[in-house]
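The next block is input37.cif, given as mmCIF, C-alpha atoms and all ligand atoms.
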```cif
data_protein
loop_
_atom_site.group_PDB
_atom_site.id
_atom_site.type_symbol
_atom_site.label_atom_id
_atom_site.label_comp_id
_atom_site.auth_asym_id
_atom_site.auth_seq_id
_atom_site.Cartn_x
_atom_site.Cartn_y
_atom_site.Cartn_z
ATOM 1 C CA MET A 1196 3.478 1.679 2.886
ATOM 2 C CA CYS A 1197 5.079 4.420 0.812
ATOM 3 C CA LEU A 1198 7.127 7.530 1.461
ATOM 4 C CA GLY A 1199 4.593 10.303 2.001
ATOM 5 C CA ASN A 1200 1.315 8.381 2.472
ATOM 6 C CA ILE A 1201 -0.410 10.772 0.058
ATOM 7 C CA CYS A 1202 -0.045 9.002 -3.329
ATOM 8 C CA ARG A 1203 0.682 5.288 -3.571
ATOM 9 C CA SER A 1204 -0.252 3.764 -0.208
ATOM 10 C CA PRO A 1205 -3.596 5.599 0.229
ATOM 11 C CA THR A 1206 -4.384 4.458 -3.322
ATOM 12 C CA ALA A 1207 -3.561 0.887 -2.299
ATOM 13 C CA GLU A 1208 -5.663 1.220 0.857
ATOM 14 C CA GLY A 1209 -8.672 2.400 -1.180
ATOM 15 C CA VAL A 1210 -8.274 -0.209 -3.929
ATOM 16 C CA PHE A 1211 -7.792 -3.073 -1.488
ATOM 17 C CA ARG A 1212 -10.671 -2.054 0.789
ATOM 18 C CA LYS A 1213 -13.004 -1.941 -2.204
ATOM 19 C CA LEU A 1214 -11.868 -5.379 -3.328
ATOM 20 C CA VAL A 1215 -12.261 -6.850 0.144
ATOM 21 C CA THR A 1216 -15.771 -5.388 0.440
ATOM 22 C CA GLU A 1217 -16.707 -6.822 -2.970
ATOM 23 C CA HIS A 1218 -15.601 -10.238 -1.676
ATOM 24 C CA ASP A 1219 -17.658 -9.867 1.530
ATOM 25 C CA LEU A 1220 -14.552 -9.893 3.707
ATOM 26 C CA GLY A 1221 -14.909 -6.312 4.936
ATOM 27 C CA HIS A 1222 -15.306 -7.373 8.571
ATOM 28 C CA GLY A 1223 -12.399 -9.776 8.709
ATOM 29 C CA VAL A 1224 -9.634 -7.935 6.889
ATOM 30 C CA ILE A 1225 -8.216 -4.644 8.161
ATOM 31 C CA ALA A 1226 -6.288 -2.540 5.651
ATOM 32 C CA ASP A 1227 -4.488 0.687 6.507
ATOM 33 C CA SER A 1228 -1.762 2.782 4.938
ATOM 34 C CA ALA A 1229 1.132 4.844 6.247
ATOM 35 C CA GLY A 1230 4.298 6.578 5.114
ATOM 36 C CA THR A 1231 7.865 5.982 6.187
ATOM 37 C CA HIS A 1232 8.503 9.741 6.305
ATOM 38 C CA ALA A 1233 6.598 12.410 8.208
ATOM 39 C CA TYR A 1234 6.274 15.052 5.458
ATOM 40 C CA HIS A 1235 2.502 14.868 5.039
ATOM 41 C CA ILE A 1236 1.010 13.882 8.382
ATOM 42 C CA ASP A 1237 -2.743 14.633 8.631
ATOM 43 C CA GLU A 1238 -2.946 15.645 4.960
ATOM 44 C CA PRO A 1239 -5.529 14.136 2.591
ATOM 45 C CA PRO A 1240 -4.216 12.220 -0.432
ATOM 46 C CA ASP A 1241 -2.773 14.236 -3.311
ATOM 47 C CA MET A 1242 -5.630 15.536 -5.507
ATOM 48 C CA ARG A 1243 -4.177 13.728 -8.537
ATOM 49 C CA ALA A 1244 -4.381 10.427 -6.650
ATOM 50 C CA GLN A 1245 -7.914 11.239 -5.495
ATOM 51 C CA HIS A 1246 -9.060 12.079 -9.038
ATOM 52 C CA ALA A 1247 -7.508 8.998 -10.605
ATOM 53 C CA ALA A 1248 -9.068 6.740 -7.959
ATOM 54 C CA ALA A 1249 -12.469 8.461 -8.201
ATOM 55 C CA LYS A 1250 -12.586 7.633 -11.922
ATOM 56 C CA ARG A 1251 -12.450 3.952 -10.869
ATOM 57 C CA GLY A 1252 -15.128 4.376 -8.208
ATOM 58 C CA ILE A 1253 -12.758 4.633 -5.242
ATOM 59 C CA ASP A 1254 -13.083 7.447 -2.698
ATOM 60 C CA LEU A 1255 -9.796 8.340 -0.964
ATOM 61 C CA SER A 1256 -10.985 11.652 0.491
ATOM 62 C CA SER A 1257 -11.278 10.560 4.130
ATOM 63 C CA ILE A 1258 -7.747 9.095 4.347
ATOM 64 C CA ARG A 1259 -5.194 11.206 6.248
ATOM 65 C CA GLY A 1260 -1.426 10.885 6.116
ATOM 66 C CA ARG A 1261 0.281 9.173 9.014
ATOM 67 C CA LYS A 1262 3.711 7.796 9.716
ATOM 68 C CA ALA A 1263 4.276 4.060 10.046
ATOM 69 C CA THR A 1264 5.037 2.761 13.551
ATOM 70 C CA THR A 1265 6.770 -0.265 15.013
ATOM 71 C CA GLU A 1266 3.322 -1.283 16.323
ATOM 72 C CA ASP A 1267 2.097 -1.477 12.723
ATOM 73 C CA ILE A 1268 4.941 -3.829 11.933
ATOM 74 C CA ARG A 1269 4.192 -5.932 14.992
ATOM 75 C CA ASP A 1270 0.397 -6.028 14.557
ATOM 76 C CA PHE A 1271 -0.290 -6.382 10.828
ATOM 77 C CA ASP A 1272 0.112 -9.726 9.067
ATOM 78 C CA TYR A 1273 1.273 -8.045 5.864
ATOM 79 C CA ILE A 1274 3.424 -4.909 5.673
ATOM 80 C CA LEU A 1275 3.585 -4.082 1.987
ATOM 81 C CA ALA A 1276 6.146 -1.624 0.685
ATOM 82 C CA MET A 1277 5.766 0.192 -2.627
ATOM 83 C CA ASP A 1278 9.491 0.218 -3.391
ATOM 84 C CA TRP A 1279 12.863 -0.904 -2.078
ATOM 85 C CA GLU A 1280 13.542 2.394 -0.326
ATOM 86 C CA ASN A 1281 10.421 2.008 1.777
ATOM 87 C CA TYR A 1282 11.104 -1.683 2.259
ATOM 88 C CA HIS A 1283 14.501 -0.853 3.770
ATOM 89 C CA ASN A 1284 13.051 1.984 5.853
ATOM 90 C CA LEU A 1285 10.558 -0.493 7.300
ATOM 91 C CA LEU A 1286 13.176 -3.167 7.974
ATOM 92 C CA HIS A 1287 15.215 -0.556 9.797
ATOM 93 C CA MET A 1288 12.174 0.439 11.901
ATOM 94 C CA ALA A 1289 11.461 -3.207 12.702
ATOM 95 C CA GLY A 1290 14.891 -3.643 14.297
ATOM 96 C CA ASP A 1291 15.008 -7.021 16.013
ATOM 97 C CA LEU A 1292 11.300 -7.736 15.745
ATOM 98 C CA SER A 1293 10.772 -11.340 14.823
ATOM 99 C CA ASP A 1294 8.023 -10.505 12.353
ATOM 100 C CA ARG A 1295 10.281 -8.782 9.842
ATOM 101 C CA GLU A 1296 9.271 -11.426 7.327
ATOM 102 C CA ASN A 1297 5.857 -9.714 7.184
ATOM 103 C CA ILE A 1298 7.569 -6.902 5.297
ATOM 104 C CA ARG A 1299 7.348 -7.485 1.560
ATOM 105 C CA LEU A 1300 7.076 -5.600 -1.713
ATOM 106 C CA LEU A 1301 3.442 -5.193 -2.795
ATOM 107 C CA LEU A 1302 4.239 -6.027 -6.411
ATOM 108 C CA GLN A 1303 5.374 -9.527 -5.510
ATOM 109 C CA TYR A 1304 1.637 -10.291 -5.587
ATOM 110 C CA SER A 1305 1.184 -8.932 -9.113
ATOM 111 C CA GLU A 1306 0.852 -11.357 -12.009
ATOM 112 C CA LYS A 1307 0.721 -8.873 -14.875
ATOM 113 C CA PHE A 1308 3.617 -6.611 -13.916
ATOM 114 C CA ASP A 1309 7.230 -7.797 -13.820
ATOM 115 C CA GLU A 1310 8.445 -4.666 -12.020
ATOM 116 C CA GLU A 1311 9.380 -4.891 -8.351
ATOM 117 C CA GLU A 1312 8.472 -1.299 -7.476
ATOM 118 C CA VAL A 1313 5.368 0.888 -7.769
ATOM 119 C CA PRO A 1314 7.029 4.076 -9.115
ATOM 120 C CA ASP A 1315 6.655 7.287 -7.129
ATOM 121 C CA PRO A 1316 4.187 9.429 -9.146
ATOM 122 C CA TYR A 1317 4.629 12.589 -7.053
ATOM 123 C CA TYR A 1318 6.855 14.544 -9.449
ATOM 124 C CA GLY A 1319 5.226 13.275 -12.660
ATOM 125 C CA GLY A 1320 1.940 13.770 -14.504
ATOM 126 C CA ALA A 1321 -1.529 12.225 -14.417
ATOM 127 C CA LYS A 1322 -0.387 9.200 -16.439
ATOM 128 C CA GLY A 1323 1.829 8.109 -13.572
ATOM 129 C CA PHE A 1324 -1.170 7.932 -11.266
ATOM 130 C CA GLU A 1325 -3.056 5.737 -13.751
ATOM 131 C CA ARG A 1326 -0.104 3.372 -13.904
ATOM 132 C CA VAL A 1327 0.098 3.275 -10.108
ATOM 133 C CA LEU A 1328 -3.575 2.273 -10.044
ATOM 134 C CA ASP A 1329 -3.113 -0.404 -12.716
ATOM 135 C CA MET A 1330 -0.241 -1.949 -10.768
ATOM 136 C CA ILE A 1331 -1.966 -1.746 -7.407
ATOM 137 C CA GLU A 1332 -5.234 -3.200 -8.725
ATOM 138 C CA ASP A 1333 -3.431 -6.214 -10.149
ATOM 139 C CA ALA A 1334 -1.293 -6.783 -7.044
ATOM 140 C CA SER A 1335 -4.388 -6.478 -4.844
ATOM 141 C CA LEU A 1336 -6.017 -9.395 -6.651
ATOM 142 C CA GLY A 1337 -2.959 -11.560 -5.972
ATOM 143 C CA LEU A 1338 -2.757 -10.355 -2.377
ATOM 144 C CA LEU A 1339 -6.392 -11.211 -1.711
ATOM 145 C CA ALA A 1340 -5.889 -14.672 -3.207
ATOM 146 C CA ASP A 1341 -2.877 -15.154 -0.888
ATOM 147 C CA ILE A 1342 -4.882 -14.058 2.166
ATOM 148 C CA LYS A 1343 -7.746 -16.395 1.236
ATOM 149 C CA ARG A 1344 -5.332 -19.314 0.886
ATOM 150 C CA ARG A 1345 -3.451 -18.511 4.080
ATOM 151 C CA TYR A 1346 -6.536 -18.127 6.276
ATOM 152 C CA SER A 1347 -8.847 -20.545 4.420
ATOM 153 C CA LEU A 1348 -11.374 -17.794 3.713
HETATM 154 P P1 LIG B 1401 3.961 8.654 -1.973
HETATM 155 O O1 LIG B 1401 4.475 9.863 -2.878
HETATM 156 O O2 LIG B 1401 5.198 8.126 -1.252
HETATM 157 O O3 LIG B 1401 3.435 7.686 -2.967
HETATM 158 O O4 LIG B 1401 2.924 9.225 -1.039
HETATM 159 C C1 LIG B 1401 5.240 10.920 -2.394
HETATM 160 C C2 LIG B 1401 4.613 11.980 -1.782
HETATM 161 C C3 LIG B 1401 5.372 13.047 -1.325
HETATM 162 C C4 LIG B 1401 6.736 13.041 -1.479
HETATM 163 C C5 LIG B 1401 7.363 11.972 -2.087
HETATM 164 C C6 LIG B 1401 6.615 10.902 -2.541
HETATM 165 N N1 LIG B 1401 7.503 14.151 -1.025
HETATM 166 O O5 LIG B 1401 8.719 14.167 -1.283
HETATM 167 O O6 LIG B 1401 6.942 15.076 -0.413
#
```
Is it possible to express this structure as structure tokens?
Amino acid sequence: MCLGNICRSPTAEGVFRKLVTEHDLGHGVIADSAGTHAYHIDEPPDMRAQHAAAKRGIDLSSIRGRKATTEDIRDFDYILAMDWENYHNLLHMAGDLSDRENIRLLLQYSEKFDEEEVPDPYYGGAKGFERVLDMIEDASLGLLADIKRRYSL
């Protein structure tokens, strides 16, 4: 989950899907991305995000922007926010839902990065998109390990 669903969260969706497929868990784990704002509904990911991901063998071209829903929060076991702003947007959307504890920061699963937030690369240059990928790749490894432990996969 990010703000626009055109930079960080589609990148995370692509990275995590690839990882899950490499671990033969493609049928058991469903990963999807969404934004907490509606600016870019139905748009493909930002071309800078697509290019950066393509260099690492990840195709984001078929992803389309959508806005997060309360059903997402109810149905998914992990709701992973890229930064505190999105985390709070999601908590607000969840209201009284009992599964608010599903909402976490993605980078809590990262070992290599001490930061809490994946920085918004939208107004920066290509380097920002590489850093987003580095952070998301590392956090995805930790996330997959957590899922494997939790569900004995
Ligand atoms: P994202 O990046 O939240 O990583 O998809 C952004 C994309 C668009 C905007 C902000 C952040 N925007 O302001 O349009």
| For Leu1198 of chain A, which of A:Phe1271, A:Tyr1346, A:Phe1211, A:Tyr1317 is the closest residue, counting only C-alpha atoms? |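 Distance minimum relative to Leu1198 of chain A lands on A:Tyr1317.
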For ligand LIG 1401 (chain B), return the neighbouring residues as a VMD selection string (distance at most 12 Å; all atoms listed in the file).
chain A and resid 1196 to 1208 1228 to 1236 1238 to 1245 1258 to 1262 1276 to 1282 1312 to 1319 1323 to 1324 1327 to 1328 1331
Notebook entry, point to check: Within 12 Å of Gly1252 of chain A, counting all atoms listed in the file, which residues qualify if same-chain residues fewer than 2 places away don't, as a ChimeraX atom specification?
Noted result: /A:1206,1209-1210,1212-1214,1245-1250,1254-1255,1328
Those residues you just picked out, can you put them in a file as a PDB file, in the frame of the given file with C-alpha atoms?
```pdb
ATOM      1  CA  THR A1206      -4.384   4.458  -3.322  1.00  0.00           C
ATOM      2  CA  GLY A1209      -8.672   2.400  -1.180  1.00  0.00           C
ATOM      3  CA  VAL A1210      -8.274  -0.209  -3.929  1.00  0.00           C
ATOM      4  CA  ARG A1212     -10.671  -2.054   0.789  1.00  0.00           C
ATOM      5  CA  LYS A1213     -13.004  -1.941  -2.204  1.00  0.00           C
ATOM      6  CA  LEU A1214     -11.868  -5.379  -3.328  1.00  0.00           C
ATOM      7  CA  GLN A1245      -7.914  11.239  -5.495  1.00  0.00           C
ATOM      8  CA  HIS A1246      -9.060  12.079  -9.038  1.00  0.00           C
ATOM      9  CA  ALA A1247      -7.508   8.998 -10.605  1.00  0.00           C
ATOM     10  CA  ALA A1248      -9.068   6.740  -7.959  1.00  0.00           C
ATOM     11  CA  ALA A1249     -12.469   8.461  -8.201  1.00  0.00           C
ATOM     12  CA  LYS A1250     -12.586   7.633 -11.922  1.00  0.00           C
ATOM     13  CA  ASP A1254     -13.083   7.447  -2.698  1.00  0.00           C
ATOM     14  CA  LEU A1255      -9.796   8.340  -0.964  1.00  0.00           C
ATOM     15  CA  LEU A1328      -3.575   2.273 -10.044  1.00  0.00           C
TER      16      LEU A1328
END
```
For this file, the PyMOL selection byres (((chain A and resi 1272) around 12) and not hetatm) selects which residues, as a ChimeraX atom specification?
/A:1224-1227,1266-1271,1273-1275,1294-1299,1338,1341-1342,1345-1346
Worksheet entry | Atomic separation - atom CA of Asp1333 of chain A relative to atom CA of Ser1305 of chain A, Å |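 Going from atom CA of Ser1305 of chain A over to atom CA of Asp1333 of chain A covers 5.5 Å.
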Find the distance between atom CA of Gly1337 of chain A and atom CA of His1222 of chain A and write it in Å to one decimal.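 Atom-to-atom, atom CA of Gly1337 of chain A and atom CA of His1222 of chain A are spaced 19.5 Å apart.
In terms of minimum interatomic distance to Leu1336 of chain A, A:Leu1301 ranks closest within A:Leu1285, A:Ile1253, A:Leu1292, A:Leu1301, counting all atoms listed in the file.
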- [ ] In Å, rounded to a single decimal, give me how far atom CA of Glu1332 of chain A is from atom CA of Tyr1304 of chain A.
- [x]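 Between atom CA of Tyr1304 of chain A and atom CA of Glu1332 of chain A the gap works out to 10.4 Å.
Of the residues listed (A:Val1215, A:Phe1308, A:Ser1257, A:Thr1265), A:Thr1265 shows the shortest atom-to-atom separation from Ser1293 of chain A; distances use all atoms listed in the file.
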Edge lengths and centre in Å to one decimal, as AutoDock Vina command-line options, is what I'm after for the box along x, y and z that holds all listed atoms of segment 1207-1225 of chain A once 6 Å is added on each side.
```
--center_x -10.6 --center_y -3.9 --center_z 2.4 --size_x 26.1 --size_y 24.6 --size_z 24.6
```
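The shortest atom-to-atom distance to Arg1326 of chain A, with only C-alpha atoms taken into account, belongs to A:Glu1310 out of A:Leu1339, A:Thr1264, A:Glu1310, A:Thr1216.
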Completion step: segment 1308-1319 of chain A with all heavy atoms as an mmCIF file, in the frame of the given file:
```cif
data_model
loop_
_atom_site.group_PDB
_atom_site.id
_atom_site.type_symbol
_atom_site.label_atom_id
_atom_site.label_comp_id
_atom_site.auth_asym_id
_atom_site.auth_seq_id
_atom_site.Cartn_x
_atom_site.Cartn_y
_atom_site.Cartn_z
ATOM 1 N N PHE A 1308 2.480 -7.539 -13.870
ATOM 2 C CA PHE A 1308 3.617 -6.611 -13.916
ATOM 3 C C PHE A 1308 4.882 -7.305 -13.416
ATOM 4 O O PHE A 1308 4.876 -7.917 -12.359
ATOM 5 C CB PHE A 1308 3.328 -5.361 -13.060
ATOM 6 C CG PHE A 1308 2.227 -4.516 -13.621
ATOM 7 C CD1 PHE A 1308 0.908 -4.744 -13.262
ATOM 8 C CD2 PHE A 1308 2.490 -3.511 -14.552
ATOM 9 C CE1 PHE A 1308 -0.127 -3.981 -13.802
ATOM 10 C CE2 PHE A 1308 1.473 -2.754 -15.100
ATOM 11 C CZ PHE A 1308 0.158 -2.983 -14.712
ATOM 12 N N ASP A 1309 5.958 -7.182 -14.207
ATOM 13 C CA ASP A 1309 7.230 -7.797 -13.820
ATOM 14 C C ASP A 1309 8.044 -6.893 -12.897
ATOM 15 O O ASP A 1309 8.983 -7.347 -12.252
ATOM 16 C CB ASP A 1309 8.084 -8.091 -15.063
ATOM 17 C CG ASP A 1309 7.454 -9.196 -15.897
ATOM 18 O OD1 ASP A 1309 6.755 -10.050 -15.308
ATOM 19 O OD2 ASP A 1309 7.641 -9.179 -17.122
ATOM 20 N N GLU A 1310 7.686 -5.608 -12.846
ATOM 21 C CA GLU A 1310 8.445 -4.666 -12.020
ATOM 22 C C GLU A 1310 8.374 -5.056 -10.535
ATOM 23 O O GLU A 1310 7.412 -5.670 -10.095
ATOM 24 C CB GLU A 1310 7.875 -3.246 -12.152
ATOM 25 C CG GLU A 1310 8.119 -2.591 -13.489
ATOM 26 C CD GLU A 1310 6.998 -2.828 -14.475
ATOM 27 O OE1 GLU A 1310 6.343 -3.894 -14.395
ATOM 28 O OE2 GLU A 1310 6.774 -1.965 -15.331
ATOM 29 N N GLU A 1311 9.384 -4.646 -9.795
ATOM 30 C CA GLU A 1311 9.380 -4.891 -8.351
ATOM 31 C C GLU A 1311 8.798 -3.703 -7.591
ATOM 32 O O GLU A 1311 8.329 -3.854 -6.459
ATOM 33 C CB GLU A 1311 10.804 -5.146 -7.865
ATOM 34 C CG GLU A 1311 11.389 -6.430 -8.441
ATOM 35 C CD GLU A 1311 12.798 -6.690 -7.965
ATOM 36 O OE1 GLU A 1311 13.505 -5.714 -7.603
ATOM 37 O OE2 GLU A 1311 13.194 -7.861 -7.956
ATOM 38 N N GLU A 1312 8.846 -2.508 -8.200
ATOM 39 C CA GLU A 1312 8.472 -1.299 -7.476
ATOM 40 C C GLU A 1312 7.282 -0.588 -8.124
ATOM 41 O O GLU A 1312 7.207 -0.488 -9.355
ATOM 42 C CB GLU A 1312 9.634 -0.307 -7.457
ATOM 43 C CG GLU A 1312 10.915 -0.878 -6.861
ATOM 44 C CD GLU A 1312 11.981 0.184 -6.706
ATOM 45 O OE1 GLU A 1312 12.312 0.870 -7.696
ATOM 46 O OE2 GLU A 1312 12.474 0.346 -5.583
ATOM 47 N N VAL A 1313 6.397 -0.037 -7.282
ATOM 48 C CA VAL A 1313 5.368 0.888 -7.769
ATOM 49 C C VAL A 1313 6.043 2.256 -7.814
ATOM 50 O O VAL A 1313 6.442 2.791 -6.768
ATOM 51 C CB VAL A 1313 4.144 0.944 -6.826
ATOM 52 C CG1 VAL A 1313 3.103 1.910 -7.370
ATOM 53 C CG2 VAL A 1313 3.542 -0.449 -6.636
ATOM 54 N N PRO A 1314 6.232 2.839 -9.024
ATOM 55 C CA PRO A 1314 7.029 4.076 -9.115
ATOM 56 C C PRO A 1314 6.348 5.264 -8.433
ATOM 57 O O PRO A 1314 5.123 5.391 -8.471
ATOM 58 C CB PRO A 1314 7.178 4.300 -10.616
ATOM 59 C CG PRO A 1314 6.149 3.450 -11.272
ATOM 60 C CD PRO A 1314 5.761 2.360 -10.322
ATOM 61 N N ASP A 1315 7.163 6.092 -7.809
ATOM 62 C CA ASP A 1315 6.655 7.287 -7.129
ATOM 63 C C ASP A 1315 6.088 8.258 -8.176
ATOM 64 O O ASP A 1315 6.834 8.736 -9.034
ATOM 65 C CB ASP A 1315 7.832 7.918 -6.377
ATOM 66 C CG ASP A 1315 7.422 9.135 -5.589
ATOM 67 O OD1 ASP A 1315 6.275 9.588 -5.735
ATOM 68 O OD2 ASP A 1315 8.270 9.633 -4.827
ATOM 69 N N PRO A 1316 4.784 8.566 -8.111
ATOM 70 C CA PRO A 1316 4.187 9.429 -9.146
ATOM 71 C C PRO A 1316 4.228 10.915 -8.786
ATOM 72 O O PRO A 1316 3.768 11.754 -9.553
ATOM 73 C CB PRO A 1316 2.725 8.949 -9.155
ATOM 74 C CG PRO A 1316 2.459 8.612 -7.715
ATOM 75 C CD PRO A 1316 3.773 8.085 -7.156
ATOM 76 N N TYR A 1317 4.800 11.253 -7.626
ATOM 77 C CA TYR A 1317 4.629 12.589 -7.053
ATOM 78 C C TYR A 1317 5.128 13.695 -7.973
ATOM 79 O O TYR A 1317 4.482 14.734 -8.118
ATOM 80 C CB TYR A 1317 5.358 12.653 -5.707
ATOM 81 C CG TYR A 1317 5.092 13.898 -4.907
ATOM 82 C CD1 TYR A 1317 3.823 14.175 -4.396
ATOM 83 C CD2 TYR A 1317 6.126 14.795 -4.628
ATOM 84 C CE1 TYR A 1317 3.590 15.309 -3.632
ATOM 85 C CE2 TYR A 1317 5.894 15.931 -3.857
ATOM 86 C CZ TYR A 1317 4.631 16.179 -3.368
ATOM 87 O OH TYR A 1317 4.403 17.306 -2.610
ATOM 88 N N TYR A 1318 6.280 13.476 -8.620
ATOM 89 C CA TYR A 1318 6.855 14.544 -9.449
ATOM 90 C C TYR A 1318 6.510 14.398 -10.934
ATOM 91 O O TYR A 1318 7.037 15.110 -11.767
ATOM 92 C CB TYR A 1318 8.379 14.595 -9.255
ATOM 93 C CG TYR A 1318 8.740 15.029 -7.852
ATOM 94 C CD1 TYR A 1318 9.218 14.109 -6.927
ATOM 95 C CD2 TYR A 1318 8.542 16.348 -7.444
ATOM 96 C CE1 TYR A 1318 9.521 14.497 -5.627
ATOM 97 C CE2 TYR A 1318 8.837 16.739 -6.150
ATOM 98 C CZ TYR A 1318 9.326 15.813 -5.251
ATOM 99 O OH TYR A 1318 9.611 16.198 -3.972
ATOM 100 N N GLY A 1319 5.601 13.488 -11.263
ATOM 101 C CA GLY A 1319 5.226 13.275 -12.660
ATOM 102 C C GLY A 1319 3.819 13.770 -12.953
ATOM 103 O O GLY A 1319 3.245 14.542 -12.197
#
```
